[in-house]
file final25.cif (mmCIF, C-alpha atoms)
data_final
#
loop_
_atom_site.label_atom_id
_atom_site.label_comp_id
_atom_site.auth_asym_id
_atom_site.auth_seq_id
_atom_site.Cartn_x
_atom_site.Cartn_y
_atom_site.Cartn_z
CA MET L 1 32.99 -0.19 2.52
CA LYS L 2 34.64 3.16 3.17
CA ARG L 3 34.02 5.97 0.69
CA CYS L 4 36.75 8.59 0.32
CA ASN L 5 36.32 11.76 -1.71
CA THR L 6 39.58 13.49 -0.87
CA ILE L 7 43.23 12.55 -1.13
CA THR L 8 43.75 13.36 2.54
CA GLU L 9 40.94 11.02 3.58
CA LEU L 10 42.21 8.23 1.30
CA ARG L 11 45.74 8.47 2.65
CA ARG L 12 44.54 8.51 6.25
CA THR L 13 42.33 5.46 5.68
CA LEU L 14 45.14 3.53 3.99
CA ARG L 15 47.64 4.48 6.70
CA GLU L 16 45.31 3.25 9.45
CA TRP L 17 44.66 -0.02 7.62
CA LYS L 18 48.38 -0.69 7.16
CA GLN L 19 49.01 -0.04 10.86
CA ASN L 20 46.35 -2.58 11.78
CA HIS L 21 47.30 -5.12 9.09
CA PRO L 22 51.12 -5.26 8.88
CA GLY L 23 52.19 -7.16 5.79
CA GLY L 24 48.69 -7.08 4.27
CA SER L 25 48.47 -6.71 0.52
CA ILE L 26 46.44 -4.17 -1.44
CA GLY L 27 44.71 -4.79 -4.76
CA PHE L 28 43.65 -1.78 -6.82
CA VAL L 29 41.09 -1.38 -9.63
CA PRO L 30 41.10 2.05 -11.31
CA THR L 31 37.91 2.83 -13.25
CA MET L 32 36.00 5.73 -14.80
CA GLY L 33 32.78 4.49 -13.27
CA PHE L 34 29.43 3.47 -14.74
CA LEU L 35 30.43 0.01 -13.61
CA HIS L 36 29.39 -3.15 -15.42
CA GLU L 37 30.16 -6.86 -15.14
CA GLY L 38 33.60 -6.31 -16.66
CA HIS L 39 34.58 -3.98 -13.81
CA GLU L 40 33.01 -6.29 -11.25
CA SER L 41 35.09 -9.20 -12.54
CA LEU L 42 38.26 -7.16 -11.94
CA ILE L 43 37.18 -6.35 -8.38
CA ARG L 44 36.33 -9.97 -7.63
CA ARG L 45 39.68 -11.12 -9.03
CA ALA L 46 41.50 -8.58 -6.86
CA ALA L 47 39.46 -9.64 -3.81
CA ASP L 48 40.50 -13.26 -4.34
CA GLU L 49 44.16 -12.28 -4.26
CA HIS L 50 44.51 -9.45 -1.70
CA GLN L 51 43.41 -8.46 1.79
CA LEU L 52 42.35 -4.88 0.97
CA ILE L 53 40.60 -3.83 -2.24
CA VAL L 54 40.68 -0.21 -3.38
CA VAL L 55 38.58 0.94 -6.33
CA SER L 56 38.78 4.41 -7.83
CA ILE L 57 36.05 6.07 -9.87
CA PHE L 58 37.28 9.13 -11.70
CA VAL L 59 36.40 10.40 -15.17
CA ASN L 60 39.79 11.80 -16.10
CA PRO L 61 39.58 14.92 -18.28
CA LEU L 62 43.24 14.64 -19.32
CA GLN L 63 42.55 11.61 -21.49
CA PHE L 64 39.67 13.17 -23.45
CA GLY L 65 40.22 15.25 -26.56
CA PRO L 66 38.40 18.56 -27.19
CA ASN L 67 35.70 16.92 -29.34
CA GLU L 68 35.26 13.77 -27.27
CA ASP L 69 32.62 12.76 -24.77
CA PHE L 70 33.99 13.92 -21.40
CA GLU L 71 30.90 15.95 -20.48
CA ARG L 72 28.41 13.28 -21.52
CA TYR L 73 30.39 10.25 -20.36
CA PRO L 74 27.85 8.17 -18.37
CA ARG L 75 27.97 8.70 -14.62
CA ASP L 76 25.94 7.14 -11.80
CA PRO L 77 27.97 7.33 -8.57
CA GLU L 78 25.34 5.90 -6.22
CA ARG L 79 24.73 2.87 -8.42
CA ASP L 80 28.48 2.45 -8.83
CA ALA L 81 29.02 2.50 -5.07
CA LYS L 82 26.48 -0.29 -4.56
CA LEU L 83 27.99 -2.45 -7.29
CA ALA L 84 31.54 -1.84 -6.06
CA GLU L 85 30.64 -2.84 -2.51
CA LYS L 86 28.78 -5.95 -3.68
CA ALA L 87 31.80 -7.05 -5.73
CA GLY L 88 34.13 -6.82 -2.73
CA THR L 89 35.47 -3.25 -2.54
CA ASP L 90 36.79 -2.10 0.84
CA ILE L 91 37.74 1.48 -0.04
CA LEU L 92 36.05 3.45 -2.81
CA PHE L 93 37.94 6.58 -3.90
CA MET L 94 35.67 9.02 -5.77
CA PRO L 95 37.50 12.35 -6.12
CA SER L 96 36.32 15.41 -8.03
CA VAL L 97 38.33 16.89 -10.89
CA GLU L 98 39.26 19.79 -8.60
CA GLU L 99 40.56 17.34 -5.99
CA MET L 100 42.78 15.51 -8.46
CA TYR L 101 43.89 18.61 -10.37
CA PRO L 102 43.63 21.66 -8.08
CA ARG L 103 45.90 23.62 -10.43
CA PRO L 104 46.70 23.37 -14.14
CA VAL L 105 48.74 20.24 -14.72
CA LEU L 106 52.32 21.12 -15.66
CA THR L 107 53.78 17.65 -15.07
CA LYS L 108 52.66 14.75 -17.26
CA VAL L 109 53.76 11.19 -17.91
CA MET L 110 54.40 10.74 -21.62
CA ILE L 111 54.89 7.26 -23.07
CA SER L 112 56.25 7.15 -26.61
CA GLY L 113 56.51 4.37 -29.17
CA LEU L 114 53.61 2.24 -27.96
CA THR L 115 51.26 5.22 -28.21
CA ASP L 116 51.75 6.29 -31.83
CA LYS L 117 49.36 3.70 -33.29
CA LEU L 118 45.88 2.30 -32.70
CA CYS L 119 43.98 4.55 -30.27
CA GLY L 120 47.04 6.74 -29.84
CA ALA L 121 47.02 7.66 -33.53
CA SER L 122 43.37 8.72 -33.57
CA ARG L 123 43.30 10.20 -30.05
CA PRO L 124 46.43 12.38 -29.72
CA GLY L 125 47.34 13.05 -26.10
CA HIS L 126 45.02 10.33 -24.82
CA PHE L 127 47.74 8.11 -23.38
CA ASP L 128 49.56 11.05 -21.82
CA GLY L 129 46.38 11.58 -19.83
CA VAL L 130 46.12 7.88 -19.00
CA GLY L 131 49.75 7.65 -17.91
CA THR L 132 49.48 10.78 -15.79
CA VAL L 133 46.34 9.80 -13.88
CA VAL L 134 47.34 6.15 -13.41
CA SER L 135 50.78 7.17 -12.15
CA LYS L 136 49.13 9.60 -9.74
CA LEU L 137 46.69 6.96 -8.51
CA PHE L 138 49.50 4.44 -8.02
CA HIS L 139 51.35 6.94 -5.84
CA LEU L 140 48.23 7.63 -3.80
CA VAL L 141 47.10 4.03 -3.26
CA GLN L 142 50.52 2.30 -3.36
CA PRO L 143 48.97 -1.06 -4.27
CA ASP L 144 50.74 -4.38 -4.57
CA ALA L 145 48.82 -5.13 -7.78
CA ALA L 146 46.52 -3.24 -10.14
CA TYR L 147 43.87 -4.86 -12.32
CA PHE L 148 42.96 -3.83 -15.88
CA GLY L 149 40.69 -5.31 -18.52
CA GLN L 150 42.31 -6.73 -21.65
CA LYS L 151 39.66 -4.98 -23.77
CA ASP L 152 42.00 -2.01 -24.01
CA ALA L 153 45.11 -4.04 -24.75
CA GLN L 154 47.09 -0.97 -25.80
CA GLN L 155 46.36 0.70 -22.47
CA VAL L 156 47.59 -2.39 -20.64
CA ALA L 157 50.79 -2.43 -22.71
CA VAL L 158 51.36 1.28 -22.08
CA ILE L 159 50.85 0.97 -18.32
CA GLU L 160 53.08 -2.10 -18.11
CA ARG L 161 55.85 -0.20 -19.87
CA MET L 162 55.37 2.87 -17.66
CA VAL L 163 55.64 0.73 -14.53
CA GLU L 164 58.77 -0.95 -15.87
CA ASP L 165 60.47 2.26 -17.02
CA LEU L 166 59.72 4.18 -13.81
CA ASN L 167 60.31 1.24 -11.44
CA ILE L 168 56.87 1.65 -9.88
CA PRO L 169 56.48 -1.26 -7.41
CA VAL L 170 53.13 -2.58 -8.60
CA LYS L 171 52.21 -5.75 -10.47
CA ILE L 172 49.93 -5.18 -13.48
CA VAL L 173 47.30 -7.89 -13.90
CA ALA L 174 45.50 -8.03 -17.25
CA CYS L 175 42.12 -9.78 -17.01
CA PRO L 176 40.02 -11.35 -19.79
CA ILE L 177 37.43 -9.36 -21.71
CA VAL L 178 33.89 -9.82 -20.38
CA ARG L 179 31.25 -9.98 -23.11
CA GLU L 180 27.52 -9.73 -23.59
CA PRO L 181 25.72 -12.97 -24.56
CA ASP L 182 26.03 -12.07 -28.26
CA GLY L 183 29.77 -11.39 -27.93
CA LEU L 184 29.87 -7.59 -27.76
CA ALA L 185 32.58 -6.51 -25.35
CA MET L 186 31.10 -4.87 -22.26
CA SER L 187 31.72 -1.12 -22.17
CA SER L 188 30.27 1.85 -20.35
CA ARG L 189 29.79 3.47 -23.76
CA ASN L 190 27.46 0.71 -24.99
CA VAL L 191 24.56 2.66 -23.47
CA TYR L 192 25.01 5.27 -26.23
CA LEU L 193 24.07 2.77 -28.97
CA SER L 194 20.66 2.92 -30.63
CA PRO L 195 18.88 -0.45 -30.98
CA GLU L 196 20.02 -0.80 -34.61
CA GLU L 197 23.58 0.27 -33.79
CA ARG L 198 23.63 -2.23 -30.93
CA THR L 199 22.54 -5.00 -33.29
CA GLN L 200 25.21 -4.17 -35.86
CA ALA L 201 27.98 -3.64 -33.27
CA VAL L 202 28.31 -7.40 -32.86
CA ALA L 203 30.24 -7.30 -36.16
CA LEU L 204 33.40 -6.57 -34.16
CA TYR L 205 33.13 -9.83 -32.27
CA GLN L 206 32.12 -11.74 -35.39
CA SER L 207 35.22 -10.55 -37.23
CA LEU L 208 37.46 -11.61 -34.34
CA GLN L 209 35.75 -15.00 -34.26
CA GLN L 210 36.18 -15.48 -37.99
CA ALA L 211 39.83 -14.49 -37.76
CA GLU L 212 40.39 -17.54 -35.53
CA GLN L 213 39.89 -19.72 -38.63
CA TRP L 214 41.98 -17.47 -40.84
CA PHE L 215 44.91 -17.56 -38.42
CA ALA L 216 44.83 -21.36 -38.70
CA ASP L 217 45.59 -21.11 -42.44
CA PRO L 218 49.40 -21.23 -42.87
CA ASP L 219 49.21 -19.71 -46.36
CA LEU L 220 47.54 -16.46 -45.28
CA THR L 221 49.42 -13.38 -44.11
CA ALA L 222 48.50 -10.96 -41.35
CA GLY L 223 47.91 -8.30 -43.99
CA GLU L 224 45.42 -10.50 -45.83
CA ILE L 225 43.57 -11.31 -42.62
CA ARG L 226 43.40 -7.64 -41.77
CA GLN L 227 41.79 -6.94 -45.16
CA ARG L 228 39.26 -9.74 -44.70
CA MET L 229 38.30 -8.49 -41.25
CA SER L 230 37.79 -4.97 -42.58
CA GLU L 231 35.56 -6.25 -45.36
CA LEU L 232 33.47 -8.27 -42.92
CA ILE L 233 32.91 -5.27 -40.64
CA ARG L 234 31.98 -3.03 -43.57
CA ARG L 235 29.03 -5.31 -44.30
CA SER L 236 27.35 -3.57 -41.37
CA PRO L 237 26.00 -0.35 -42.95
CA LEU L 238 26.35 1.75 -39.80
CA ALA L 239 29.96 0.75 -39.11
CA GLU L 240 32.61 3.44 -39.62
CA ILE L 241 36.06 1.91 -39.17
CA ASP L 242 38.63 3.93 -37.25
CA TYR L 243 41.20 1.15 -37.50
CA VAL L 244 41.56 -2.57 -38.02
CA GLU L 245 45.13 -3.53 -37.21
CA ILE L 246 47.06 -6.74 -36.75
CA LEU L 247 50.25 -6.17 -34.79
CA THR L 248 52.88 -8.31 -33.14
CA PHE L 249 52.18 -8.95 -29.48
CA PRO L 250 53.18 -7.70 -26.95
CA ASP L 251 55.45 -5.26 -28.84
CA LEU L 252 52.58 -3.83 -30.96
CA GLU L 253 54.70 -3.60 -34.10
CA ASP L 254 53.30 -3.75 -37.63
CA SER L 255 56.13 -5.89 -38.98
CA ARG L 256 55.75 -9.26 -40.72
CA GLN L 257 52.50 -8.26 -42.42
CA ASP L 258 53.41 -10.01 -45.68
CA ILE L 259 54.94 -13.22 -44.32
CA PRO L 260 52.76 -16.35 -44.60
CA LEU L 261 51.73 -17.50 -41.14
CA GLY L 262 53.24 -20.91 -41.80
CA ASP L 263 56.68 -19.33 -42.22
CA LEU L 264 56.60 -17.78 -38.76
CA PRO L 265 57.94 -19.65 -35.73
CA PRO L 266 55.32 -21.65 -33.81
CA GLY L 267 54.11 -19.68 -30.80
CA PHE L 268 54.51 -16.29 -32.54
CA ARG L 269 51.68 -14.03 -31.42
CA TYR L 270 49.59 -11.37 -33.13
CA ILE L 271 46.90 -9.12 -31.73
CA ALA L 272 43.97 -8.08 -33.89
CA ALA L 273 42.76 -4.71 -32.57
CA LEU L 274 39.62 -2.90 -33.73
CA ALA L 275 38.09 0.52 -33.25
CA VAL L 276 34.79 1.14 -35.00
CA LYS L 277 32.23 3.93 -34.67
CA PHE L 278 28.51 3.38 -34.75
CA GLY L 279 26.95 6.81 -34.89
CA ALA L 280 28.77 8.87 -32.29
CA THR L 281 29.86 5.82 -30.29
CA ARG L 282 33.39 4.50 -30.70
CA LEU L 283 33.86 0.85 -29.69
CA ILE L 284 37.10 -1.10 -29.32
CA ASP L 285 37.83 -4.81 -29.14
CA ASN L 286 40.72 -7.20 -29.68
CA ARG L 287 41.89 -10.78 -29.56
CA ILE L 288 45.32 -12.38 -29.37
CA TYR L 289 46.17 -15.22 -31.77
CA THR L 290 49.03 -17.70 -31.57
CA VAL L 291 50.61 -18.89 -34.82
CA LYS L 292 50.87 -22.70 -35.08
CA GLY L 293 53.27 -22.90 -38.02
CA ARG L 294 53.05 -25.55 -40.71
#
call {"tool": "encode", "arguments": {"input": "final25.cif", "output": "structure tokens"}}
result
Amino acid sequence: MKRCNTITELRRTLREWKQNHPGGSIGFVPTMGFLHEGHESLIRRAADEHQLIVVSIFVNPLQFGPNEDFERYPRDPERDAKLAEKAGTDILFMPSVEEMYPRPVLTKVMISGLTDKLCGASRPGHFDGVGTVVSKLFHLVQPDAAYFGQKDAQQVAVIERMVEDLNIPVKIVACPIVREPDGLAMSSRNVYLSPEERTQAVALYQSLQQAEQWFADPDLTAGEIRQRMSELIRRSPLAEIDYVEILTFPDLEDSRQDIPLGDLPPGFRYIAALAVKFGATRLIDNRIYTVKGR
């Protein structure tokens, strides 16, 4: 595995590889590091489908708000490098903030519409930072495909739309959420949780599981299921709900909240998306449900 810390080094390494492997395909996995099994699954998937695997590790300050956890976001570059190599990484790009943003950023990628709800509503400017850094990384790596976890379904939707709108020649591959044995979605931020918070955090997964049964009831509406999920999560004393939303998928619209599920066309899809804080730790999760009709 080749480690690159500068843009110049990354470009040189990629140029040499392309010269030696004409027609070879590149798979790319952008991360913020502190890798876990979820990240490793993305790298392995990319390695199954491409000849060269590039992974980036960069904690992007543009996507953190002034009162968020940029400074304390967990970092362990040496551990990350070992895990990345083991999972199949060929080139590991680990730039500093100064390398990525040597001057104040005056040019940003702003995605509207999809970003005014869910995490975008509670984290203003977050997706501008995501769009800007991902666009920059795509231009640097020039991959054939990029791999993202479905845990942040809104991020996937935003990046897919950015790629479509800007005609960026990269295929976006959304991969399934990887979970702990008790169902909690794997996240770098899980290390923040106290033992009691960790125990109660499984309420997110439990509510998504329970919703599977509710979505099978043709007489319920999305709005009623949303209320039931909220009530279930609130049974955990430490849970502070940021949002519980049920939106159409993949458009992420809040329409058809009051229509019984049985009156919707078979195959209609909803996404239940959650963001819940336990102490200072904000966790997200989601699941996509397909309406069966009557």
call {"tool": "resolve_selection", "arguments": {"input": "final25.cif", "expression": "the PyMOL selection byres ((chain L and resi 140) around 10)", "output": "list of chain:residue names"}}
result
L:Ile7, L:Thr8, L:Leu10, L:Arg11, L:Leu14, L:Val134, L:Ser135, L:Lys136, L:Leu137, L:Phe138, L:His139, L:Val141, L:Gln142, L:Pro143
call {"tool": "residues_around", "arguments": {"input": "final25.cif", "residues": "L:Ser230", "least_positions_apart": "4", "cutoff": "8 Å", "atoms": "all atoms listed in the file", "output": "short mmCIF file (atom, residue, chain, number, x, y, z; two decimals) with C-alpha atoms, keeping the file's coordinate frame"}}
result
data_model
loop_
_atom_site.label_atom_id
_atom_site.label_comp_id
_atom_site.auth_asym_id
_atom_site.auth_seq_id
_atom_site.Cartn_x
_atom_site.Cartn_y
_atom_site.Cartn_z
CA ARG L 226 43.40 -7.64 -41.77
CA ARG L 234 31.98 -3.03 -43.57
CA ILE L 241 36.06 1.91 -39.17
CA VAL L 244 41.56 -2.57 -38.02
#
call {"tool": "atom_distance", "arguments": {"input": "final25.cif", "atom1": "atom CA of L:Thr281", "atom2": "atom CA of L:Arg72"}}
result
11.6 Å
call {"tool": "closest_residue", "arguments": {"input": "final25.cif", "among": "L:Tyr192, L:Phe64, L:Tyr147, L:Phe34", "to": "L:Gly279", "atoms": "all atoms listed in the file"}}
result
L:Tyr192
call {"tool": "closest_residue", "arguments": {"input": "final25.cif", "among": "L:Leu62, L:Met100, L:Met1, L:Val163", "to": "L:Ala84", "atoms": "all atoms listed in the file"}}
result
L:Met1
call {"tool": "closest_atom_pairs", "arguments": {"input": "final25.cif", "of": "stretch 73-185 of chain L", "to": "stretch 265-276 of chain L", "cutoff": "10 Å", "atoms": "only C-alpha atoms", "output": "JSON lines"}}
result
{"residue": "L:Leu118", "atom": "CA", "partner": "L:Ala273", "partner_atom": "CA", "distance": 7.7}
{"residue": "L:Cys119", "atom": "CA", "partner": "L:Ala275", "partner_atom": "CA", "distance": 7.7}
{"residue": "L:Ser122", "atom": "CA", "partner": "L:Ala275", "partner_atom": "CA", "distance": 9.8}
{"residue": "L:Lys151", "atom": "CA", "partner": "L:Ala273", "partner_atom": "CA", "distance": 9.3}
{"residue": "L:Asp152", "atom": "CA", "partner": "L:Ala273", "partner_atom": "CA", "distance": 9.0}
{"residue": "L:Ala153", "atom": "CA", "partner": "L:Ala273", "partner_atom": "CA", "distance": 8.2}
{"residue": "L:Gln154", "atom": "CA", "partner": "L:Ala273", "partner_atom": "CA", "distance": 8.9}
call {"tool": "resolve_selection", "arguments": {"input": "final25.cif", "expression": "the PyMOL selection byres ((chain L and resi 292) around 12)", "output": "JSON, numbers by chain"}}
result
{"L": [212, 213, 214, 215, 216, 217, 218, 219, 260, 261, 262, 263, 264, 265, 266, 267, 268, 269, 270, 289, 290, 291, 293, 294]}
call {"tool": "resolve_selection", "arguments": {"input": "final25.cif", "expression": "the PyMOL selection byres ((chain L and resi 128) around 7)", "output": "list of chain:residue names"}}
result
L:Lys108, L:Val109, L:Met110, L:Ile111, L:Gly125, L:His126, L:Phe127, L:Gly129, L:Val130, L:Gly131, L:Thr132
call {"tool": "atom_distance", "arguments": {"input": "final25.cif", "atom1": "atom CA of L:His39", "atom2": "atom CA of L:Asp242"}}
result
25.1 Å
call {"tool": "residues_around", "arguments": {"input": "final25.cif", "residues": "L:Ser96", "least_positions_apart": "4", "cutoff": "10 Å", "atoms": "all atoms listed in the file", "output": "list in words"}}
result
Asn5, Thr6, Ile57, Phe58, Val59, Asn60, Met100, Tyr101 and Pro102 of chain L
call {"tool": "write_last_selection", "arguments": {"input": "final25.cif", "atoms": "C-alpha atoms", "output": "CSV table (one decimal), in the frame of the given file"}}
result
chain,number,residue,atom,x,y,z
L,5,ASN,CA,36.3,11.8,-1.7
L,6,THR,CA,39.6,13.5,-0.9
L,57,ILE,CA,36.0,6.1,-9.9
L,58,PHE,CA,37.3,9.1,-11.7
L,59,VAL,CA,36.4,10.4,-15.2
L,60,ASN,CA,39.8,11.8,-16.1
L,100,MET,CA,42.8,15.5,-8.5
L,101,TYR,CA,43.9,18.6,-10.4
L,102,PRO,CA,43.6,21.7,-8.1
call {"tool": "closest_residue", "arguments": {"input": "final25.cif", "among": "L:Asn67, L:Thr13, L:Thr89, L:Thr248", "to": "L:Glu40", "atoms": "all atoms listed in the file"}}
result
L:Thr89
call {"tool": "atom_distance", "arguments": {"input": "final25.cif", "atom1": "atom CA of L:Val133", "atom2": "atom CA of L:Gly23"}}
result
26.6 Å
call {"tool": "residues_around", "arguments": {"input": "final25.cif", "residues": "L:Ser188", "least_positions_apart": "2", "cutoff": "9 Å", "atoms": "all atoms listed in the file", "output": "compact mmCIF listing (two decimals) with C-alpha atoms, keeping the file's coordinate frame"}}
result
# COMPACT_ATOMS: atom_id res chain seq x y z
CA MET L 32 36.00 5.73 -14.80
CA GLY L 33 32.78 4.49 -13.27
CA PHE L 34 29.43 3.47 -14.74
CA LEU L 35 30.43 0.01 -13.61
CA HIS L 36 29.39 -3.15 -15.42
CA TYR L 73 30.39 10.25 -20.36
CA PRO L 74 27.85 8.17 -18.37
CA MET L 186 31.10 -4.87 -22.26
CA ASN L 190 27.46 0.71 -24.99
CA VAL L 191 24.56 2.66 -23.47
CA TYR L 192 25.01 5.27 -26.23
call {"tool": "residues_around", "arguments": {"input": "final25.cif", "residues": "L:Arg161", "least_positions_apart": "5", "cutoff": "9 Å", "atoms": "all atoms listed in the file", "output": "MDAnalysis selection string"}}
result
chainID L and resid 111 114 156 166
call {"tool": "residues_near_point", "arguments": {"input": "final25.cif", "point": "(47.3, -5.7, 3.9)", "cutoff": "10 Å", "atoms": "all atoms listed in the file", "output": "ChimeraX atom specification"}}
result
/L:14,17-27,50-53,143-144
call {"tool": "axis_aligned_box", "arguments": {"input": "final25.cif", "around": "stretch 170-178 of chain L", "padding_each_side": "5 Å", "output": "AutoDock Vina command-line options"}}
result
--center_x 43.5 --center_y -7.0 --center_z -15.2 --size_x 29.2 --size_y 18.8 --size_z 23.1
call {"tool": "residues_around", "arguments": {"input": "final25.cif", "residues": "L:Glu197", "least_positions_apart": "2", "cutoff": "8 Å", "atoms": "all atoms listed in the file", "output": "PyMOL selection string"}}
result
chain L and resi 193-195+199-201+238+278-279
call {"tool": "closest_residue", "arguments": {"input": "final25.cif", "among": "L:Ala87, L:Asp258, L:Ile225, L:Val97", "to": "L:Pro61", "atoms": "all atoms listed in the file"}}
result
L:Val97
call {"tool": "closest_atom_pairs", "arguments": {"input": "final25.cif", "of": "stretch 194-228 of chain L", "to": "stretch 171-183 of chain L", "cutoff": "9 Å", "atoms": "only C-alpha atoms", "output": "JSON lines"}}
result
{"residue": "L:Val202", "atom": "CA", "partner": "L:Gly183", "partner_atom": "CA", "distance": 6.5}
{"residue": "L:Leu204", "atom": "CA", "partner": "L:Gly183", "partner_atom": "CA", "distance": 8.7}
{"residue": "L:Tyr205", "atom": "CA", "partner": "L:Gly183", "partner_atom": "CA", "distance": 5.7}
{"residue": "L:Gln206", "atom": "CA", "partner": "L:Gly183", "partner_atom": "CA", "distance": 7.8}
